[in-house]
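Shown below: run.csv, with CSV, C-alpha atoms and all ligand atoms.
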chain,number,residue,atom,x,y,z
T,1,MET,CA,58.4,109.2,108.4
T,2,LYS,CA,61.3,107.4,110.0
T,3,ALA,CA,61.0,104.4,107.7
T,4,GLN,CA,60.7,106.7,104.7
T,5,MET,CA,63.9,108.5,105.8
T,6,LYS,CA,65.7,105.2,106.1
T,7,LYS,CA,64.5,104.2,102.6
T,8,LEU,CA,65.8,107.4,101.2
T,9,ILE,CA,69.2,107.0,102.9
T,10,ALA,CA,69.4,103.4,101.6
T,11,SER,CA,68.6,104.4,98.1
T,12,THR,CA,71.1,107.3,98.2
T,13,LEU,CA,73.8,104.8,99.4
T,14,MET,CA,72.9,102.5,96.6
T,15,LEU,CA,73.2,105.3,94.1
T,16,ALA,CA,76.6,106.2,95.6
T,17,GLY,CA,77.6,102.5,95.1
T,18,VAL,CA,76.5,102.6,91.5
T,19,THR,CA,78.4,105.9,90.9
T,20,SER,CA,81.6,104.5,92.3
T,21,THR,CA,81.3,101.4,90.1
T,22,ALA,CA,80.7,103.5,87.0
T,23,ASN,CA,83.9,105.4,87.9
T,24,ALA,CA,85.9,102.2,88.5
T,25,ALA,CA,88.7,103.4,86.2
T,26,GLU,CA,89.5,106.1,88.7
T,27,GLU,CA,90.0,103.8,91.6
T,28,VAL,CA,92.5,101.4,93.0
T,29,ASN,CA,91.5,98.6,95.3
T,30,VAL,CA,94.1,97.4,97.9
T,31,TYR,CA,94.1,94.3,100.0
T,32,SER,CA,96.5,95.0,102.9
T,33,TYR,CA,98.0,93.0,105.7
T,34,ARG,CA,99.7,96.2,106.8
T,35,GLN,CA,98.0,98.4,109.4
T,36,PRO,CA,95.8,101.3,108.2
T,37,THR,CA,97.9,103.9,110.1
T,38,LEU,CA,100.9,103.0,108.0
T,39,ILE,CA,99.5,103.2,104.5
T,40,GLU,CA,96.5,105.5,104.6
T,41,PRO,CA,98.5,108.8,104.7
T,42,LEU,CA,100.4,107.6,101.6
T,43,PHE,CA,97.2,106.7,99.8
T,44,ALA,CA,95.8,110.1,100.7
T,45,GLY,CA,98.8,111.8,99.1
T,46,PHE,CA,98.4,109.7,96.0
T,47,THR,CA,94.7,110.7,95.7
T,48,GLU,CA,95.5,114.3,96.2
T,49,GLU,CA,98.1,114.2,93.4
T,50,THR,CA,96.2,112.1,90.9
T,51,GLY,CA,92.5,112.2,91.8
T,52,ILE,CA,92.5,108.4,91.9
T,53,LYS,CA,90.7,107.0,94.9
T,54,VAL,CA,92.2,104.2,96.9
T,55,ASN,CA,89.9,101.7,98.6
T,56,VAL,CA,91.5,99.5,101.2
T,57,VAL,CA,90.5,96.2,102.8
T,58,PHE,CA,92.6,95.4,105.9
T,59,ALA,CA,93.0,91.9,107.3
T,60,LYS,CA,95.5,90.2,109.6
T,61,LYS,CA,95.3,87.0,107.6
T,62,GLY,CA,93.5,85.2,104.8
T,63,LEU,CA,93.9,87.7,102.0
T,64,ALA,CA,95.8,85.3,99.8
T,65,GLU,CA,93.0,82.7,100.2
T,66,ARG,CA,90.4,85.4,99.5
T,67,LEU,CA,92.1,86.3,96.2
T,68,VAL,CA,92.1,82.6,95.3
T,69,ASN,CA,88.4,82.3,96.1
T,70,GLU,CA,87.4,85.5,94.2
T,71,GLY,CA,89.4,84.4,91.2
T,72,ALA,CA,88.8,86.4,88.0
T,73,ASN,CA,86.0,88.4,89.8
T,74,SER,CA,88.2,89.8,92.5
T,75,PRO,CA,87.9,93.6,92.9
T,76,ALA,CA,91.5,93.8,94.3
T,77,ASP,CA,94.3,95.4,92.3
T,78,LEU,CA,97.1,95.3,94.8
T,79,VAL,CA,98.3,93.3,97.8
T,80,PHE,CA,100.4,94.9,100.5
T,81,THR,CA,102.2,92.7,103.0
T,82,VAL,CA,105.4,92.2,105.0
T,83,ASP,CA,108.1,89.6,104.6
T,84,ILE,CA,109.4,87.8,101.5
T,85,GLY,CA,107.6,84.7,102.8
T,86,ARG,CA,104.2,86.3,102.5
T,87,LEU,CA,105.0,87.9,99.1
T,88,ASN,CA,106.1,84.5,97.9
T,89,GLU,CA,102.8,83.0,99.1
T,90,VAL,CA,100.7,85.1,96.7
T,91,VAL,CA,103.1,84.2,93.9
T,92,GLU,CA,102.8,80.5,94.7
T,93,LYS,CA,99.0,80.7,94.9
T,94,GLY,CA,99.0,82.2,91.4
T,95,VAL,CA,97.0,85.3,92.2
T,96,VAL,CA,99.5,88.0,91.1
T,97,GLN,CA,100.9,89.1,87.8
T,98,ALA,CA,104.2,90.5,86.6
T,99,VAL,CA,104.7,94.3,86.2
T,100,GLN,CA,107.3,95.8,83.9
T,101,SER,CA,108.0,99.4,84.9
T,102,GLU,CA,111.1,101.5,84.4
T,103,THR,CA,110.2,103.6,87.4
T,104,LEU,CA,110.0,100.5,89.7
T,105,GLU,CA,113.2,99.1,88.3
T,106,ASN,CA,115.1,102.4,88.8
T,107,ASN,CA,113.8,103.0,92.3
T,108,ILE,CA,114.0,99.5,93.7
T,109,PRO,CA,117.4,97.7,93.8
T,110,ALA,CA,117.3,94.4,92.0
T,111,GLN,CA,117.8,92.3,95.2
T,112,TYR,CA,114.6,93.7,96.6
T,113,ARG,CA,112.2,92.8,93.7
T,114,ASP,CA,111.2,89.7,91.9
T,115,PRO,CA,113.3,89.1,88.8
T,116,LYS,CA,110.0,88.4,87.0
T,117,GLY,CA,108.3,91.5,88.4
T,118,GLU,CA,105.7,89.6,90.5
T,119,TRP,CA,106.5,91.4,93.7
T,120,PHE,CA,108.4,94.6,94.7
T,121,GLY,CA,109.9,95.7,98.0
T,122,LEU,CA,108.8,99.1,99.5
T,123,THR,CA,110.6,99.3,102.8
T,124,LEU,CA,113.5,97.5,104.4
T,125,ARG,CA,114.0,96.0,107.9
T,126,THR,CA,117.1,94.4,109.3
T,127,ARG,CA,117.0,91.2,111.3
T,128,SER,CA,119.2,92.5,114.0
T,129,ILE,CA,120.8,91.1,117.2
T,130,TYR,CA,119.7,92.9,120.3
T,131,ALA,CA,122.4,92.8,123.0
T,132,SER,CA,122.3,93.6,126.7
T,133,LYS,CA,124.0,96.9,127.4
T,134,ASP,CA,125.2,95.7,130.8
T,135,ARG,CA,126.2,92.1,130.1
T,136,VAL,CA,127.5,91.9,126.5
T,137,ASN,CA,130.7,93.0,125.0
T,138,LEU,CA,129.8,93.8,121.4
T,139,ASP,CA,133.1,92.6,120.1
T,140,ASP,CA,131.9,89.1,121.1
T,141,ILE,CA,128.8,89.2,118.9
T,142,LYS,CA,129.7,90.6,115.5
T,143,ASN,CA,128.1,88.0,113.3
T,144,TYR,CA,125.0,85.8,113.1
T,145,GLU,CA,127.5,82.9,113.2
T,146,ASP,CA,128.6,83.9,116.7
T,147,LEU,CA,125.1,83.0,118.1
T,148,ALA,CA,126.2,79.4,117.9
T,149,ASP,CA,129.4,80.0,120.0
T,150,PRO,CA,129.2,78.0,123.3
T,151,MET,CA,130.1,81.2,125.2
T,152,TRP,CA,126.4,82.1,124.8
T,153,LYS,CA,125.1,79.0,126.4
T,154,GLY,CA,121.7,79.8,128.1
T,155,LYS,CA,122.0,83.4,127.0
T,156,ILE,CA,119.9,83.7,123.8
T,157,CYS,CA,116.1,84.4,123.5
T,158,THR,CA,114.1,84.2,120.3
T,159,ARG,CA,110.6,83.8,118.9
T,160,SER,CA,109.7,80.6,117.0
T,161,GLY,CA,112.3,79.4,114.5
T,162,LYS,CA,109.3,78.8,112.2
T,163,HIS,CA,108.3,82.5,112.2
T,164,ALA,CA,108.7,84.1,108.7
T,165,TYR,CA,111.3,86.6,110.0
T,166,ASN,CA,113.6,83.8,111.3
T,167,LEU,CA,113.0,81.5,108.4
T,168,ALA,CA,114.2,84.2,106.1
T,169,LEU,CA,117.4,84.7,108.2
T,170,PHE,CA,118.0,80.9,108.3
T,171,ALA,CA,117.4,80.8,104.5
T,172,SER,CA,120.1,83.4,104.1
T,173,MET,CA,122.5,81.3,106.2
T,174,ILE,CA,121.8,78.3,103.9
T,175,ALA,CA,122.5,80.5,100.8
T,176,HIS,CA,125.9,81.5,102.3
T,177,HIS,CA,127.0,78.4,104.1
T,178,GLY,CA,125.0,75.5,102.6
T,179,GLU,CA,122.5,73.2,104.3
T,180,ALA,CA,124.8,71.0,106.3
T,181,ASP,CA,126.7,73.9,108.0
T,182,THR,CA,123.5,75.8,108.6
T,183,GLU,CA,122.1,72.7,110.4
T,184,LYS,CA,125.1,72.6,112.6
T,185,TRP,CA,124.8,76.4,113.3
T,186,LEU,CA,121.1,76.0,114.1
T,187,GLU,CA,121.9,73.2,116.6
T,188,GLY,CA,124.5,75.5,118.2
T,189,VAL,CA,122.0,78.3,118.5
T,190,LYS,CA,119.4,76.0,119.9
T,191,ALA,CA,121.9,74.7,122.5
T,192,ASN,CA,122.4,78.3,123.6
T,193,LEU,CA,118.7,79.2,124.1
T,194,ALA,CA,117.8,80.5,127.5
T,195,ARG,CA,114.2,79.2,127.1
T,196,LYS,CA,111.9,77.5,124.5
T,197,PRO,CA,111.2,79.9,121.6
T,198,GLN,CA,108.1,81.9,122.4
T,199,GLY,CA,106.5,85.3,122.1
T,200,ASN,CA,107.3,88.1,119.6
T,201,ASP,CA,110.4,90.1,118.9
T,202,ARG,CA,109.7,92.6,121.6
T,203,ALA,CA,109.1,89.9,124.3
T,204,GLN,CA,112.7,88.8,123.8
T,205,VAL,CA,114.0,92.4,124.5
T,206,LYS,CA,111.8,92.5,127.6
T,207,ALA,CA,113.4,89.2,128.6
T,208,ILE,CA,116.9,90.7,128.2
T,209,LYS,CA,115.8,93.6,130.4
T,210,GLU,CA,114.6,91.1,133.1
T,211,GLY,CA,117.9,89.2,133.0
T,212,VAL,CA,116.4,86.0,131.4
T,213,CYS,CA,118.9,86.2,128.5
T,214,ASP,CA,121.6,88.5,127.1
T,215,LEU,CA,121.0,88.4,123.3
T,216,SER,CA,118.0,88.2,121.0
T,217,LEU,CA,117.0,88.3,117.4
T,218,GLY,CA,114.6,91.1,116.3
T,219,ASN,CA,113.6,93.4,113.5
T,220,ASN,CA,115.0,96.9,113.8
T,221,TYR,CA,111.7,98.7,113.8
T,222,TYR,CA,110.6,97.2,117.1
T,223,PHE,CA,113.4,99.2,118.7
T,224,GLY,CA,111.7,102.4,117.5
T,225,LYS,CA,108.3,101.1,118.7
T,226,MET,CA,109.6,100.3,122.2
T,227,ILE,CA,111.5,103.6,122.5
T,228,ASN,CA,108.2,105.4,121.7
T,229,ASN,CA,106.0,103.3,124.0
T,230,PRO,CA,106.2,104.4,127.6
T,231,ASP,CA,105.5,100.9,128.9
T,232,GLN,CA,108.3,99.4,126.8
T,233,LYS,CA,111.0,102.1,126.8
T,234,ALA,CA,112.8,100.5,129.7
T,235,TRP,CA,113.2,97.3,127.6
T,236,ALA,CA,114.8,99.3,124.7
T,237,ASP,CA,117.0,101.2,127.2
T,238,ALA,CA,118.5,97.8,128.3
T,239,VAL,CA,119.8,96.9,124.9
T,240,THR,CA,122.0,97.9,121.9
T,241,LEU,CA,120.6,97.3,118.5
T,242,THR,CA,123.4,95.7,116.4
T,243,PHE,CA,123.9,95.2,112.7
T,244,PRO,CA,125.5,91.8,112.3
T,245,ASN,CA,128.2,90.8,109.7
T,246,GLN,CA,129.5,94.3,109.0
T,247,ASP,CA,133.0,93.0,108.4
T,248,ASN,CA,131.9,90.5,105.8
T,249,ARG,CA,128.7,90.0,103.8
T,250,GLY,CA,126.4,92.5,105.6
T,251,THR,CA,123.2,92.3,107.7
T,252,HIS,CA,120.2,90.2,106.6
T,253,VAL,CA,117.5,92.5,105.4
T,254,ASN,CA,113.8,91.7,104.7
T,255,ILE,CA,111.1,93.8,103.1
T,256,SER,CA,107.6,94.9,103.2
T,257,GLY,CA,106.2,95.0,99.7
T,258,MET,CA,103.4,94.9,97.1
T,259,ALA,CA,102.2,92.9,94.2
T,260,LEU,CA,99.7,93.4,91.4
T,261,THR,CA,96.8,90.9,91.4
T,262,LYS,CA,96.2,88.7,88.4
T,263,ALA,CA,92.6,89.9,88.1
T,264,SER,CA,93.3,93.6,88.6
T,265,PRO,CA,90.4,95.6,87.2
T,266,ASN,CA,92.2,98.9,87.4
T,267,LYS,CA,95.7,97.9,86.3
T,268,ALA,CA,96.9,101.2,84.9
T,269,ASN,CA,96.0,103.1,88.0
T,270,ALA,CA,97.4,100.3,90.2
T,271,ILE,CA,100.8,100.6,88.5
T,272,LYS,CA,100.6,104.4,89.0
T,273,LEU,CA,100.1,103.8,92.7
T,274,MET,CA,103.0,101.3,92.8
T,275,GLU,CA,105.3,103.8,91.2
T,276,TYR,CA,104.1,106.6,93.4
T,277,LEU,CA,105.1,104.6,96.5
T,278,THR,CA,108.7,104.2,95.3
T,279,GLU,CA,109.3,107.9,94.8
T,280,THR,CA,111.2,109.9,97.4
T,281,LYS,CA,108.3,111.6,99.1
T,282,ALA,CA,106.3,108.5,99.7
T,283,GLN,CA,109.4,106.5,100.6
T,284,THR,CA,110.3,109.0,103.3
T,285,MET,CA,106.9,108.9,104.8
T,286,TYR,CA,106.4,105.1,104.6
T,287,ALA,CA,109.7,104.3,106.1
T,288,GLU,CA,109.3,106.9,108.9
T,289,ASP,CA,105.9,105.6,109.9
T,290,ASN,CA,107.2,102.2,111.0
T,291,TYR,CA,110.9,102.9,111.8
T,292,GLU,CA,112.0,101.1,108.6
T,293,TYR,CA,114.5,102.0,105.9
T,294,PRO,CA,113.4,103.3,102.5
T,295,VAL,CA,114.0,100.8,99.7
T,296,LYS,CA,114.9,103.6,97.2
T,297,PRO,CA,118.7,104.3,97.5
T,298,GLY,CA,119.6,107.7,98.7
T,299,VAL,CA,116.4,108.4,100.7
T,300,ALA,CA,117.2,109.0,104.3
T,301,PRO,CA,115.5,107.1,107.1
T,302,SER,CA,114.0,109.1,110.0
T,303,ALA,CA,116.3,110.9,112.5
T,304,LEU,CA,115.6,108.2,115.2
T,305,VAL,CA,116.4,105.3,112.8
T,306,ALA,CA,119.5,107.1,111.5
T,307,SER,CA,120.7,107.6,115.1
T,308,TRP,CA,121.1,103.8,115.4
T,309,GLY,CA,123.9,104.0,112.8
T,310,SER,CA,124.3,103.0,109.2
T,311,PHE,CA,125.0,99.5,108.0
T,312,LYS,CA,126.0,97.4,105.1
T,313,ALA,CA,123.1,95.1,103.9
T,314,ASP,CA,123.6,91.5,102.7
T,315,GLU,CA,123.2,91.7,98.9
T,316,LEU,CA,121.7,88.2,98.5
T,317,PRO,CA,118.6,88.6,96.4
T,318,LEU,CA,115.4,88.0,98.4
T,319,SER,CA,114.2,85.8,95.5
T,320,GLU,CA,116.9,83.3,96.6
T,321,ILE,CA,115.7,83.5,100.2
T,322,ALA,CA,112.2,82.8,99.0
T,323,ASN,CA,113.4,79.6,97.3
T,324,LEU,CA,115.3,78.4,100.5
T,325,ARG,CA,112.5,79.0,103.0
T,326,LYS,CA,111.2,75.4,102.8
T,327,THR,CA,114.7,74.0,103.4
T,328,ALA,CA,115.1,76.4,106.4
T,329,ALA,CA,111.8,75.2,107.8
T,330,LYS,CA,112.9,71.6,107.4
T,331,LEU,CA,116.1,72.3,109.4
T,332,VAL,CA,114.1,74.0,112.1
T,333,ASP,CA,112.1,70.8,112.6
T,334,LYS,CA,115.2,68.6,112.2
T,335,VAL,CA,117.1,70.2,115.0
T,336,GLY,CA,114.0,70.5,117.2
T,337,PHE,CA,114.6,74.3,117.4
T,338,ASP,CA,111.2,75.1,118.9
T,339,GLN,CA,111.0,72.0,121.2
O,1,FE,FE,106.9,92.7,112.6

Before we go any further, please render this structure as C-alpha cells.
Amino acid sequence: MKAQMKKLIASTLMLAGVTSTANAAEEVNVYSYRQPTLIEPLFAGFTEETGIKVNVVFAKKGLAERLVNEGANSPADLVFTVDIGRLNEVVEKGVVQAVQSETLENNIPAQYRDPKGEWFGLTLRTRSIYASKDRVNLDDIKNYEDLADPMWKGKICTRSGKHAYNLALFASMIAHHGEADTEKWLEGVKANLARKPQGNDRAQVKAIKEGVCDLSLGNNYYFGKMINNPDQKAWADAVTLTFPNQDNRGTHVNISGMALTKASPNKANAIKLMEYLTETKAQTMYAEDNYEYPVKPGVAPSALVASWGSFKADELPLSEIANLRKTAAKLVDKVGFDQ
C-alpha cells in the first residue's frame, strides 16, 4: 500500500512536470545571485498581475558558468545579480542578449544600463565613506580624494581592494583622474590603512566602533542592515554615513541589475518581467527591501534611507566603469594594496 501510494505521488509529480513544460510560454525562469527574500515578493506581484509564473534558481556563485555549460539548452531567461562587475561577467561570457524596450529606456537612466541593452540596473547603491561620529570632523573628509591625505595615516579600514565594490570605485577614479594619478591616490590610501584589508563592509564599521580606525568604505545599504540588526546597531550608531564628492562630480554609485539570457526560451514574458520591475510599484518595493535607491528617477527610497539625506550621483556611465575594472585590478596589485 505504502509503495503504491509512493508510486501514485511520483506519477502525479511527473504529470505536474509535464504540464508545466507544456505551459512553458506562461513562465519565466530566473537565475539569481540575489537572495530569495529580496526578489520573491516582486515576482509574486508580477504573477498576480500577469498570470505568468516565475521560477527561480538561487546561487551564491557559479550561475554564469552554469549558463555557459547549458548553452542553447539553458532553461534560464533572466539573470539577476549585483555589481557592474558581475553584470559585465555574463556579457563577457557571451550568455546574454540585447533587449530593446522603450519602457526600460524610459525608466532607467542611460548611465545605469548598457548602451547595447545587454544589462539593465534595477537598484542603486552608493559607495560611501563611513566616518566615526566621535573622532572625525566631516569637513576633513568630503571627497574620495581626501582618503589619501596623510592626516588619515593609520585611520582607514576597508575590505580587499580586489572586491568588486572597490574595483568599481577605483575604476571611477581612473575615469576621472587617469591611471597615473589613481595609482598615486591608491598608494596614499594604502599608506593610511589601519590594518591589512580584510572582512566585509560591515566589519569595517565594527572596527570604527572599536577604535581600530576612523574611516571606512562601505555600500549605503549596510547602514540600514546594521541599524535593524540588534547585534550590529551599536556599530551603526558609532558612524555617520557620508556621500563623497558632493561639491564636485558626485558620489560613486553601483547597481544591482538584470540581463536577458542568450538562450531565453520565454523571451516575451521575460521582457515583460524586466519592464514590470522598472515600474514605480516594483521599484519602491525592491529598493526598500535592501535599503537601496530606486533606479527609476522620481521614485522615493524608504523613509529610513531618505533620512540619511539626498545626494548627487556621479554621472559616469557604468559601462565605462566596466571597461576600466581590469586596469583598476592591475593598480591594486601594483601598489600592493591588499598586502
Ligand atoms: Fe553587498

For ligand FE 1 (chain O), return the neighbouring residues as a list in words (distance at most 10 Å; all atoms listed in the file).
Arg34, Val82, Asp83, Arg125, Ala164, Tyr165, Asn200, Asp201, Arg202, Gly218, Asn219, Asn220, Tyr221, Tyr222, Ser256 and Asn290 of chain T

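Closest approach to Glu92 of chain T among T:Asn266, T:Ala64, T:Phe170, T:Lys196 is made by T:Ala64 (distances from all atoms listed in the file).
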
Of T:Asn29, T:Lys296, T:Leu186, T:Ala76, the one sitting nearest Leu167 of chain T when using only C-alpha atoms is T:Leu186

Find the spatial neighbours of Ala287 of chain T, counting only C-alpha atoms, within a cut-off of 9 Å - ignore same-chain residues fewer than 3 positions away - and output them as a PyMOL selection string. chain T and resi 122-124+282-284+290-295+301-302

Checklist entry - What's the 10 Å shell around Asn107 of chain T, counting only C-alpha atoms, without same-chain residues fewer than 6 positions away, as a VMD selection string? => result chain T and resid 122 275 277 to 280 295 to 298

Here atom CA of Ala203 of chain T and atom CA of Asn254 of chain T stand apart by 20.2 Å

If you count all atoms listed in the file, which residues fall within 12 Å of segment 53-55 of chain T, apart from same-chain ones fewer than 2 positions away, as a PyMOL selection string? chain T and resi 20-21+23-32+36+39-51+57-58+75-79+266+269-270+272-274

Exercise on segment 300-303 of chain T, axis-aligned box with 4 Å per side, report centre and edge lengths in Å to one decimal, as lines of an AutoDock Vina configuration file:
center_x = 115.6
center_y = 109.0
center_z = 108.4
size_x = 11.2
size_y = 11.8
size_z = 16.2

Atom CA of Ala171 of chain T to atom CA of Asp114 of chain T measures 16.6 Å

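Of the listed residues T:Met173, T:Ala303, T:Ile52, T:Ile156, the one whose atoms come nearest to Arg249 of chain T is T:Met173, with distances taken using all atoms listed in the file.
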
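Across the structure, atom CA of Asp247 of chain T and atom CA of Ser307 of chain T are spaced 20.2 Å apart.
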
From the list T:Ser264, T:Ser172, T:Gln198, T:Ser310, the nearest residue to Thr327 of chain T using only C-alpha atoms is T:Ser172

Between T:Lys190, T:Asp214, T:Met151, T:Ala110, smallest distance to Glu315 of chain T by only C-alpha atoms belongs to T:Ala110

Shortest contact to Ala175 of chain T, candidates T:Glu70, T:Tyr33, T:Cys157, T:His252, atoms counted only C-alpha atoms, goes to T:His252

Take the point (128.5, 92.3, 110.3) as written in the file and pick out every residue within 9 Å of it, counting all atoms listed in the file; give the list as a CSV table (one decimal) with C-alpha atoms, keeping the file's coordinate frame.
chain,number,residue,atom,x,y,z
T,142,LYS,CA,129.7,90.6,115.5
T,143,ASN,CA,128.1,88.0,113.3
T,144,TYR,CA,125.0,85.8,113.1
T,242,THR,CA,123.4,95.7,116.4
T,243,PHE,CA,123.9,95.2,112.7
T,244,PRO,CA,125.5,91.8,112.3
T,245,ASN,CA,128.2,90.8,109.7
T,246,GLN,CA,129.5,94.3,109.0
T,247,ASP,CA,133.0,93.0,108.4
T,248,ASN,CA,131.9,90.5,105.8
T,249,ARG,CA,128.7,90.0,103.8
T,250,GLY,CA,126.4,92.5,105.6
T,251,THR,CA,123.2,92.3,107.7
T,311,PHE,CA,125.0,99.5,108.0
T,312,LYS,CA,126.0,97.4,105.1
T,313,ALA,CA,123.1,95.1,103.9

inquiry  = Here's a test: counting all atoms listed in the file, identify every protein, DNA and RNA residue with an atom at most 10 Å from (121.6, 81.1, 126.9) in the file's coordinate frame, and state them as a PyMOL selection string.
reply    = chain T and resi 147+150-157+189-195+212-216

Spatial neighbours of Val91 of chain T, max dist 8 Å, all atoms listed in the file, sep filter under 5 positions, as a ChimeraX atom specification: /T:96,118-119
